[in-house]
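What follows is a short report on a single structure.
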Amino acid sequence: MQRIAQAARTMLADRLLPFWKSLRDGEYGGYCGYMDFDLRLDRQAEKGCILNSRILWFFSEAAMVLKDDSIIPYARHACRFLTEKCLDREEGGVYWSVSFDGQPLDATKHTYNQAFAIYALSAYYRLTGEAEALALAKNLFDLIETRCADSGGYLEAFTRDFRPASNEKLSENGIMAERTMNTLLHVFEGYSGLYQAGKSPEISAAMERILDIYASKVYNPRLRRQEVFFDKDYRTLIDLTSYGHDIESSWLIDWGCGLLENPALTEKIAAINSALADSVLRTAFNGSLANECERGVVDTHRVWWVQAEALLGFVNEYGKHPDRTDCRDAAASLWRYITEKVEDRRPGGEWFWRLDEAGEPDREKPVVEPWKCPYHNGRMCMELIRRNPDVFV
């Protein structure tokens, strides 16, 4: 694990950081929003606000993990664009996307998007101590709790002025969901980042509420998986197992729950997360991880973010249970797969979006677009470093 962490530090410093720094838009602000498979950058493509939030989070966390102040200006550049162009100062909240020159393009307000802005601004505050960033993150927390939540949990999509809207953006597989596992997970993640930045009873209460929904509504103990898409009453809409989200949740929810320092809650949630990780390992892993299984049919594509989260999920499970050498070995296999197949070794490359089961990259998938970001692979590298501090020796 220490050797992998050292290699992850090299990947972060020598490939991921230079790649994303190169997308800095010095003319219009933020970071360019699209690069095709052939590494052609489109400087006039839309700029997804989720993408820019994740870039802000990435540079903020990388500066802290690597103890490298030279990264701070890139985080500051991202924060300026997020707060000046992506944030709606009239109606509140963060837009879905803006144009290349920072004009509102898709004014949808999605709960998922607000959560990532909280996550990013909280990390930036922890890096810089800039009080405005924390105040904005807290304002977005209040906005979610007052305008995006109901008695049952969290709703999904809204118009610019927060009237309910249909949830195309976080619905897939031919259904339309009123609630999703994915939004719940990342609201919890955003709140966890905010709790790191400034603990308060309001944030911890919201986190505990989410964990209760996770344990009682989202996790399916019979199938040892999370259900993915729901109606408003948490009736599942489709027979779908998302291996990537299950393994991501297994470590990410452990992390957030641990911040609350509630031993009984930690024990309860850790058991669920261990069951998720074990199920993914036994049903979907063979040196790399399949994408999902819908109605018994496995999507065998190897998606970049799924591999990154799987490696962390197995590392986390090995850390909890040192006798689980199968999880340690799975993480090592994933590292080999990532470096041999997923990492794009072309000059100026980053990671391929998706590969087929034979390991051939999908040339139709871009290298950068509103969902393709440095969040999953960057976080993988940083978590490995955090869990193995000797890599700085």
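Ordered as shown in the structure tokens, chains take letters A, B, and onward, while each chain numbers its residues from 1 and ligands are numbered from 1 in the order shown.
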
**Request:** List the neighbours of Asp101 of chain A out to 12 Å using only C-alpha atoms; skip same-chain residues closer than 2 positions along the sequence, and give me the result as a list in words.
**Result:** Asp25, Gly26, Glu27, Tyr28, Gly29, Gly30, Tyr31, Cys32, Gly33, Arg43, Gln44, Ala45, Glu46, Lys47, Gly48, Phe81, Glu84, Lys85, Cys86, Ser97, Val98, Ser99, Gln103, Pro104 and Leu105 of chain A

**Request:** Please provide the set of residues having any atom within 6 Å of segment 328-343 of chain A, restricted to only C-alpha atoms, with same-chain residues fewer than 6 positions apart removed, written as a PyMOL selection string.
**Result:** chain A and resi 287-288+311+314+318+351-352

**Item:** All helix (DSSP H, G or I) positions in segment 77-255 of chain A, as number ranges by chain
**Value:** A: 77-86, 111-128, 131-147, 168-170, 181-197, 201-218, 243-255

Keeping C-alpha atoms, export the residues of the selection given above as an mmCIF file, in the first residue's frame.
data_model
loop_
_atom_site.group_PDB
_atom_site.id
_atom_site.type_symbol
_atom_site.label_atom_id
_atom_site.label_comp_id
_atom_site.auth_asym_id
_atom_site.auth_seq_id
_atom_site.Cartn_x
_atom_site.Cartn_y
_atom_site.Cartn_z
ATOM 1 C CA HIS A 77 -8.956 31.205 -9.908
ATOM 2 C CA ALA A 78 -11.574 28.454 -9.696
ATOM 3 C CA CYS A 79 -13.199 30.004 -6.625
ATOM 4 C CA ARG A 80 -13.481 33.396 -8.294
ATOM 5 C CA PHE A 81 -15.280 31.885 -11.290
ATOM 6 C CA LEU A 82 -17.604 29.802 -9.123
ATOM 7 C CA THR A 83 -18.632 32.715 -6.937
ATOM 8 C CA GLU A 84 -18.802 35.374 -9.670
ATOM 9 C CA LYS A 85 -20.286 33.398 -12.572
ATOM 10 C CA CYS A 86 -21.836 30.123 -11.363
ATOM 11 C CA THR A 111 -29.617 19.724 -5.252
ATOM 12 C CA TYR A 112 -26.651 17.613 -6.372
ATOM 13 C CA ASN A 113 -24.989 20.703 -7.825
ATOM 14 C CA GLN A 114 -25.505 22.763 -4.673
ATOM 15 C CA ALA A 115 -23.883 19.979 -2.651
ATOM 16 C CA PHE A 116 -20.719 20.004 -4.742
ATOM 17 C CA ALA A 117 -20.395 23.757 -4.387
ATOM 18 C CA ILE A 118 -20.578 23.294 -0.597
ATOM 19 C CA TYR A 119 -17.889 20.608 -0.788
ATOM 20 C CA ALA A 120 -15.618 22.828 -2.900
ATOM 21 C CA LEU A 121 -16.060 26.061 -0.946
ATOM 22 C CA SER A 122 -15.491 24.224 2.334
ATOM 23 C CA ALA A 123 -12.194 22.812 1.072
ATOM 24 C CA TYR A 124 -11.144 26.226 -0.210
ATOM 25 C CA TYR A 125 -11.904 27.741 3.190
ATOM 26 C CA ARG A 126 -9.828 25.092 4.922
ATOM 27 C CA LEU A 127 -6.968 25.945 2.558
ATOM 28 C CA THR A 128 -7.109 29.735 2.712
ATOM 29 C CA ALA A 131 -14.342 33.733 5.520
ATOM 30 C CA GLU A 132 -16.498 34.504 2.477
ATOM 31 C CA ALA A 133 -16.039 30.974 1.147
ATOM 32 C CA LEU A 134 -17.294 29.444 4.388
ATOM 33 C CA ALA A 135 -20.210 31.894 4.536
ATOM 34 C CA LEU A 136 -21.240 30.957 0.995
ATOM 35 C CA ALA A 137 -21.004 27.256 1.825
ATOM 36 C CA LYS A 138 -23.203 27.760 4.884
ATOM 37 C CA ASN A 139 -25.706 29.760 2.807
ATOM 38 C CA LEU A 140 -25.931 26.874 0.335
ATOM 39 C CA PHE A 141 -26.437 24.447 3.221
ATOM 40 C CA ASP A 142 -29.344 26.589 4.431
ATOM 41 C CA LEU A 143 -30.711 26.752 0.891
ATOM 42 C CA ILE A 144 -30.725 22.965 0.519
ATOM 43 C CA GLU A 145 -32.352 22.494 3.897
ATOM 44 C CA THR A 146 -35.076 25.076 3.285
ATOM 45 C CA ARG A 147 -35.731 24.824 -0.472
ATOM 46 C CA GLU A 168 -33.612 14.369 -16.314
ATOM 47 C CA LYS A 169 -30.133 15.289 -15.130
ATOM 48 C CA LEU A 170 -29.843 12.602 -12.437
ATOM 49 C CA MET A 181 -29.253 7.546 -4.129
ATOM 50 C CA ASN A 182 -26.631 9.619 -5.945
ATOM 51 C CA THR A 183 -27.940 12.985 -4.787
ATOM 52 C CA LEU A 184 -28.352 11.754 -1.212
ATOM 53 C CA LEU A 185 -24.763 10.458 -1.194
ATOM 54 C CA HIS A 186 -23.287 13.705 -2.413
ATOM 55 C CA VAL A 187 -25.378 15.918 -0.174
ATOM 56 C CA PHE A 188 -23.919 13.871 2.667
ATOM 57 C CA GLU A 189 -20.449 14.357 1.192
ATOM 58 C CA GLY A 190 -20.914 18.118 0.858
ATOM 59 C CA TYR A 191 -22.209 18.376 4.406
ATOM 60 C CA SER A 192 -19.269 16.289 5.639
ATOM 61 C CA GLY A 193 -16.860 18.728 3.992
ATOM 62 C CA LEU A 194 -18.700 21.645 5.596
ATOM 63 C CA TYR A 195 -18.583 19.892 8.981
ATOM 64 C CA GLN A 196 -14.818 19.578 8.583
ATOM 65 C CA ALA A 197 -14.604 23.319 7.921
ATOM 66 C CA PRO A 201 -25.165 20.988 15.551
ATOM 67 C CA GLU A 202 -27.259 21.886 12.497
ATOM 68 C CA ILE A 203 -24.835 20.194 10.126
ATOM 69 C CA SER A 204 -24.356 17.098 12.294
ATOM 70 C CA ALA A 205 -28.142 16.725 12.669
ATOM 71 C CA ALA A 206 -28.571 16.875 8.899
ATOM 72 C CA MET A 207 -25.807 14.311 8.418
ATOM 73 C CA GLU A 208 -27.421 11.954 10.923
ATOM 74 C CA ARG A 209 -30.757 12.356 9.155
ATOM 75 C CA ILE A 210 -29.125 11.353 5.866
ATOM 76 C CA LEU A 211 -27.481 8.337 7.472
ATOM 77 C CA ASP A 212 -30.865 7.213 8.762
ATOM 78 C CA ILE A 213 -32.337 7.468 5.240
ATOM 79 C CA TYR A 214 -29.319 5.621 3.873
ATOM 80 C CA ALA A 215 -29.692 2.748 6.344
ATOM 81 C CA SER A 216 -33.480 2.475 6.262
ATOM 82 C CA LYS A 217 -34.449 3.439 2.702
ATOM 83 C CA VAL A 218 -31.487 3.262 0.323
ATOM 84 C CA TYR A 243 -21.221 -1.177 -8.571
ATOM 85 C CA GLY A 244 -19.357 2.121 -8.719
ATOM 86 C CA HIS A 245 -21.735 3.926 -6.406
ATOM 87 C CA ASP A 246 -21.874 1.002 -3.981
ATOM 88 C CA ILE A 247 -18.108 0.849 -3.591
ATOM 89 C CA GLU A 248 -17.836 4.650 -3.481
ATOM 90 C CA SER A 249 -20.449 4.826 -0.725
ATOM 91 C CA SER A 250 -18.685 2.088 1.234
ATOM 92 C CA TRP A 251 -15.689 4.299 1.972
ATOM 93 C CA LEU A 252 -17.097 7.820 1.555
ATOM 94 C CA ILE A 253 -19.927 7.310 4.038
ATOM 95 C CA ASP A 254 -17.506 5.671 6.469
ATOM 96 C CA TRP A 255 -15.393 8.831 6.255
#

**Request:** Using DSSP on the backbone, list every residue of segment 187-236 of chain A that comes out as strand (DSSP E or B), and give them as an MDAnalysis selection string.
**Result:** chainID A and resid 219:220 225:226 229:230 236

Selection from above, C-alpha atoms, as a short mmCIF file (atom, residue, chain, number, x, y, z; two decimals), in the first residue's frame, can you write it?
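Once written, again-v8.cif looks like this:
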data_model
loop_
_atom_site.label_atom_id
_atom_site.label_comp_id
_atom_site.auth_asym_id
_atom_site.auth_seq_id
_atom_site.Cartn_x
_atom_site.Cartn_y
_atom_site.Cartn_z
CA TYR A 219 -29.58 0.19 1.50
CA ASN A 220 -31.20 -3.11 0.60
CA ARG A 225 -26.73 -3.14 -2.47
CA GLN A 226 -28.08 0.38 -2.63
CA PHE A 229 -33.78 5.49 -8.31
CA PHE A 230 -36.93 6.09 -6.26
CA THR A 236 -37.47 1.64 -6.06
#

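With atom CA of Arg222 of chain A on one side and atom CA of Asn273 of chain A on the other, the separation reads 14.0 Å.
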
**Prompt:** If you count only C-alpha atoms, which residues fall within 10 Å of Asn173 of chain A, apart from same-chain ones fewer than 4 positions away, as a PyMOL selection string?
**Reply:** chain A and resi 229+238+240+294

Emit the selected residues as a PDB file, in the first residue's frame, including all heavy atoms.
ATOM      1  N   PHE A 229     -32.768   4.505  -7.907  1.00  0.00           N
ATOM      2  CA  PHE A 229     -33.778   5.486  -8.305  1.00  0.00           C
ATOM      3  C   PHE A 229     -35.094   5.189  -7.589  1.00  0.00           C
ATOM      4  O   PHE A 229     -35.538   4.037  -7.553  1.00  0.00           O
ATOM      5  CB  PHE A 229     -33.996   5.455  -9.816  1.00  0.00           C
ATOM      6  CG  PHE A 229     -32.763   5.809 -10.617  1.00  0.00           C
ATOM      7  CD1 PHE A 229     -32.218   4.893 -11.510  1.00  0.00           C
ATOM      8  CD2 PHE A 229     -32.162   7.046 -10.483  1.00  0.00           C
ATOM      9  CE1 PHE A 229     -31.093   5.209 -12.250  1.00  0.00           C
ATOM     10  CE2 PHE A 229     -31.026   7.362 -11.216  1.00  0.00           C
ATOM     11  CZ  PHE A 229     -30.489   6.448 -12.102  1.00  0.00           C
ATOM     12  N   ILE A 238     -36.406   0.576 -10.408  1.00  0.00           N
ATOM     13  CA  ILE A 238     -35.731  -0.280 -11.380  1.00  0.00           C
ATOM     14  C   ILE A 238     -34.824  -1.261 -10.643  1.00  0.00           C
ATOM     15  O   ILE A 238     -34.270  -0.943  -9.579  1.00  0.00           O
ATOM     16  CB  ILE A 238     -34.904   0.584 -12.371  1.00  0.00           C
ATOM     17  CG1 ILE A 238     -34.354  -0.261 -13.525  1.00  0.00           C
ATOM     18  CG2 ILE A 238     -33.807   1.332 -11.654  1.00  0.00           C
ATOM     19  CD1 ILE A 238     -33.714   0.576 -14.626  1.00  0.00           C
ATOM     20  N   LEU A 240     -31.596  -2.385 -10.447  1.00  0.00           N
ATOM     21  CA  LEU A 240     -30.306  -1.864 -10.896  1.00  0.00           C
ATOM     22  C   LEU A 240     -29.313  -1.896  -9.743  1.00  0.00           C
ATOM     23  O   LEU A 240     -29.617  -1.444  -8.643  1.00  0.00           O
ATOM     24  CB  LEU A 240     -30.472  -0.424 -11.397  1.00  0.00           C
ATOM     25  CG  LEU A 240     -29.209   0.293 -11.862  1.00  0.00           C
ATOM     26  CD1 LEU A 240     -28.648  -0.349 -13.125  1.00  0.00           C
ATOM     27  CD2 LEU A 240     -29.497   1.780 -12.107  1.00  0.00           C
ATOM     28  N   GLU A 294     -28.171  -4.109 -14.766  1.00  0.00           N
ATOM     29  CA  GLU A 294     -29.566  -3.729 -14.884  1.00  0.00           C
ATOM     30  C   GLU A 294     -30.406  -4.941 -15.264  1.00  0.00           C
ATOM     31  O   GLU A 294     -30.174  -5.565 -16.298  1.00  0.00           O
ATOM     32  CB  GLU A 294     -29.748  -2.639 -15.937  1.00  0.00           C
ATOM     33  CG  GLU A 294     -31.198  -2.210 -16.098  1.00  0.00           C
ATOM     34  CD  GLU A 294     -31.395  -1.151 -17.177  1.00  0.00           C
ATOM     35  OE1 GLU A 294     -30.395  -0.605 -17.678  1.00  0.00           O
ATOM     36  OE2 GLU A 294     -32.563  -0.895 -17.531  1.00  0.00           O
TER      37      GLU A 294
END

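Atom CA of Cys381 of chain A lies 10.8 Å from atom CA of Phe58 of chain A.
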
**Message:** For a test of reading the model, state the distance in Å between atom CA of Ser200 of chain A and atom CA of Val65 of chain A, rounded to one decimal.
**Reply:**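 Between atom CA of Ser200 of chain A and atom CA of Val65 of chain A the gap is 24.7 Å.
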
**Prompt:** Ala107 of chain A: which residues within 12 Å, counting only C-alpha atoms, same-chain residues fewer than 6 positions away excluded, as a list in words?
**Reply:**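 That gives Gly48, Cys49, Lys85, Cys86, Leu87, Asp88, Glu90, Glu91, Gly92, Gly93, Val94, Tyr95, Trp96, Ser97, Val98, Ser99, Asn113, Ala157, Phe158, Thr159, Arg160, Asp161, Phe162 and Ala165 of chain A.
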
**Message:** Here is a test: counting only C-alpha atoms, which residue of A:Pro221, A:Asp326, A:His110, A:Gly129 is nearest to Ala275 of chain A?
**Reply:**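 Closest to Ala275 of chain A of all the choices is A:Pro221.
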
**Complete:** Among A:Asn388, A:Thr325, A:Gln6, A:Gln307, Trp353 of chain A is approached most closely, using only C-alpha atoms, by A:Gln307

Arg224 of chain A surroundings by only C-alpha atoms, 9 Å radius, close-in-sequence under 5 positions cut, as a compact mmCIF listing (two decimals) with all heavy atoms, in the first residue's frame:
# COMPACT_ATOMS: atom_id res chain seq x y z
N TYR A 219 -30.26 1.49 1.44
CA TYR A 219 -29.58 0.19 1.50
C TYR A 219 -30.59 -0.93 1.53
O TYR A 219 -31.56 -0.92 2.29
CB TYR A 219 -28.69 0.13 2.75
CG TYR A 219 -28.00 -1.20 2.89
CD1 TYR A 219 -27.08 -1.64 1.94
CD2 TYR A 219 -28.27 -2.04 3.97
CE1 TYR A 219 -26.45 -2.87 2.07
CE2 TYR A 219 -27.64 -3.26 4.12
CZ TYR A 219 -26.73 -3.68 3.15
OH TYR A 219 -26.12 -4.90 3.28
N ILE A 272 -22.89 -1.84 7.37
CA ILE A 272 -23.54 -1.73 6.06
C ILE A 272 -22.49 -1.53 4.98
O ILE A 272 -22.52 -2.18 3.92
CB ILE A 272 -24.54 -0.55 6.07
CG1 ILE A 272 -25.72 -0.86 6.97
CG2 ILE A 272 -25.00 -0.22 4.65
CD1 ILE A 272 -26.67 0.31 7.17
N ALA A 275 -20.61 -4.63 4.12
CA ALA A 275 -21.43 -5.53 3.31
C ALA A 275 -21.45 -5.09 1.86
O ALA A 275 -21.38 -5.92 0.94
CB ALA A 275 -22.85 -5.60 3.89
N LEU A 276 -21.54 -3.79 1.61
CA LEU A 276 -21.50 -3.28 0.24
C LEU A 276 -20.18 -3.63 -0.44
O LEU A 276 -20.16 -4.12 -1.57
CB LEU A 276 -21.68 -1.76 0.24
CG LEU A 276 -23.08 -1.18 0.39
CD1 LEU A 276 -23.00 0.34 0.43
CD2 LEU A 276 -23.98 -1.62 -0.76
N ASP A 278 -17.99 -5.92 0.29
CA ASP A 278 -17.84 -7.36 0.10
C ASP A 278 -18.68 -7.85 -1.08
O ASP A 278 -18.22 -8.67 -1.88
CB ASP A 278 -18.24 -8.09 1.37
CG ASP A 278 -17.99 -9.58 1.27
OD1 ASP A 278 -16.82 -9.99 1.24
OD2 ASP A 278 -18.98 -10.34 1.20
N SER A 279 -19.89 -7.32 -1.19
CA SER A 279 -20.76 -7.73 -2.30
C SER A 279 -20.18 -7.33 -3.64
O SER A 279 -20.19 -8.11 -4.60
CB SER A 279 -22.15 -7.11 -2.12
OG SER A 279 -23.01 -7.50 -3.17
N VAL A 280 -19.66 -6.11 -3.73
CA VAL A 280 -19.05 -5.66 -4.99
C VAL A 280 -17.85 -6.53 -5.34
O VAL A 280 -17.67 -6.96 -6.49
CB VAL A 280 -18.64 -4.18 -4.88
CG1 VAL A 280 -17.78 -3.76 -6.08
CG2 VAL A 280 -19.87 -3.28 -4.79
